[in-house]
Amino acid sequence: MKILGIDPGMAIVGYSVIEYNGEAPVLLYSGSIQTDKNKKESARLLEIFEDMNTIVEEYKPDVAAIEKLFFFRNQTTVMPVAHARGVILTVLEKFKVPIFEYTPMEVKQVLTGYGRADKKEVEQMVKISLGVEKLPKLDDTIDSIAIAICHTRNV
């Protein structure tokens with residue numbers, strides 16, 4: 001099964017594709033969509049929409065696991081993230097990709113056994129889960145991998 005993991009955002013959308021066959025997950029691809037903060041929001045959302053279309057068409061995931069917004073401390077960023085997430089969900093629905101949503105706390109709980117684990121603990125468990133020493137540099141991309149791995153534990 002191919003799982004598309006997505007960490008939604010307006011500035012950066014982290015994404016990854018992992019293969020899972022009931023054993024250790026294998027990272028096939030990971031990357032990010034980075035939008036220009038100087039462009040208007042509608043242009044940035046269109047860029048996310050178009051890039052997500054390309055990603056789904058190219059990798060043909062069986063399912064998608066995406067971070068769910070449940071609480072946001074920074075009220076100035078919650079709306080743009082929600083808009084980006086809406087665009088991403090629209091693309092997944094367009095391609096009839098089943099969608100599974102996980103809160104950051106759920107992802108941390110599944111990967112580390114502790115829902116309030118810090119980024120370094122999650123990163124370490126992603127490395128262990130994949131059997132690798134190095135991960136992509138962007139936190140958003142690592143988060144997308146963690147979200148995809150979280151889904152493997154719920155299949």
# chains A, B, ... in the order shown; residues from 1 in each chain; ligands from 1
$ select_by_dssp --residues "chain A" --states "helix (DSSP H, G or I)" --output "PyMOL selection string"
chain A and resi 41-59+75-94+104-112+119-130+139-152
$ closest_atom_pairs --of "segment 73-144 of chain A" --to "segment 5-29 of chain A" --cutoff "9 Å" --atoms "only C-alpha atoms" --output "JSON lines"
{"residue": "A:Thr77", "atom": "CA", "partner": "A:Met10", "partner_atom": "CA", "distance": 8.5}
{"residue": "A:Pro80", "atom": "CA", "partner": "A:Met10", "partner_atom": "CA", "distance": 5.8}
{"residue": "A:Val81", "atom": "CA", "partner": "A:Gly9", "partner_atom": "CA", "distance": 4.7}
{"residue": "A:Ala82", "atom": "CA", "partner": "A:Gly9", "partner_atom": "CA", "distance": 7.9}
{"residue": "A:His83", "atom": "CA", "partner": "A:Met10", "partner_atom": "CA", "distance": 7.8}
{"residue": "A:Ala84", "atom": "CA", "partner": "A:Met10", "partner_atom": "CA", "distance": 5.6}
{"residue": "A:Arg85", "atom": "CA", "partner": "A:Pro8", "partner_atom": "CA", "distance": 5.5}
{"residue": "A:Ile88", "atom": "CA", "partner": "A:Pro8", "partner_atom": "CA", "distance": 7.8}
{"residue": "A:Ser129", "atom": "CA", "partner": "A:Ala24", "partner_atom": "CA", "distance": 6.7}
{"residue": "A:Leu130", "atom": "CA", "partner": "A:Pro25", "partner_atom": "CA", "distance": 5.9}
{"residue": "A:Gly131", "atom": "CA", "partner": "A:Ala24", "partner_atom": "CA", "distance": 8.3}
{"residue": "A:Leu138", "atom": "CA", "partner": "A:Gly14", "partner_atom": "CA", "distance": 8.0}
{"residue": "A:Asp139", "atom": "CA", "partner": "A:Gly14", "partner_atom": "CA", "distance": 8.0}
{"residue": "A:Asp140", "atom": "CA", "partner": "A:Gly14", "partner_atom": "CA", "distance": 4.6}
{"residue": "A:Thr141", "atom": "CA", "partner": "A:Gly14", "partner_atom": "CA", "distance": 4.1}
{"residue": "A:Ile142", "atom": "CA", "partner": "A:Gly14", "partner_atom": "CA", "distance": 7.5}
{"residue": "A:Asp143", "atom": "CA", "partner": "A:Asp7", "partner_atom": "CA", "distance": 6.2}
{"residue": "A:Ser144", "atom": "CA", "partner": "A:Ile6", "partner_atom": "CA", "distance": 4.7}
$ atom_distance --atom1 "atom CA of Val107 of chain A" --atom2 "atom CA of Leu92 of chain A"
20.4 Å
$ residues_around --residues "Glu57 of chain A" --least-positions-apart "3" --cutoff "12 Å" --atoms "only C-alpha atoms" --output "MDAnalysis selection string"
chainID A and resid 4 50:54 60:62 91:92 94:97
$ atom_distance --atom1 "atom CA of Thr112 of chain A" --atom2 "atom CA of Pro98 of chain A"
25.4 Å
$ closest_residue --among "A:Val78, A:Val126, A:Ala65, A:Leu89" --to "Asn154 of chain A" --atoms "only C-alpha atoms"
A:Ala65
$ atom_distance --atom1 "atom CA of Val63 of chain A" --atom2 "atom CA of Ile3 of chain A"
5.2 Å
$ closest_residue --among "A:Tyr59, A:Ile145, A:Pro136, A:Thr90" --to "Lys2 of chain A" --atoms "only C-alpha atoms"
A:Tyr59
$ closest_residue --among "A:Ile99, A:Ser32, A:Glu133, A:Thr152" --to "Leu111 of chain A" --atoms "only C-alpha atoms"
A:Thr152
$ closest_residue --among "A:Val87, A:Gly31, A:Glu67, A:Ala148" --to "Glu101 of chain A" --atoms "only C-alpha atoms"
A:Glu67
$ closest_residue --among "A:Ile33, A:Lys120, A:Gly115, A:Lys68" --to "Leu135 of chain A" --atoms "only C-alpha atoms"
A:Lys120
$ select_by_dssp --residues "segment 41-135 of chain A" --states "strand (DSSP E or B)" --output "MDAnalysis selection string"
chainID A and resid 63:67 99:102
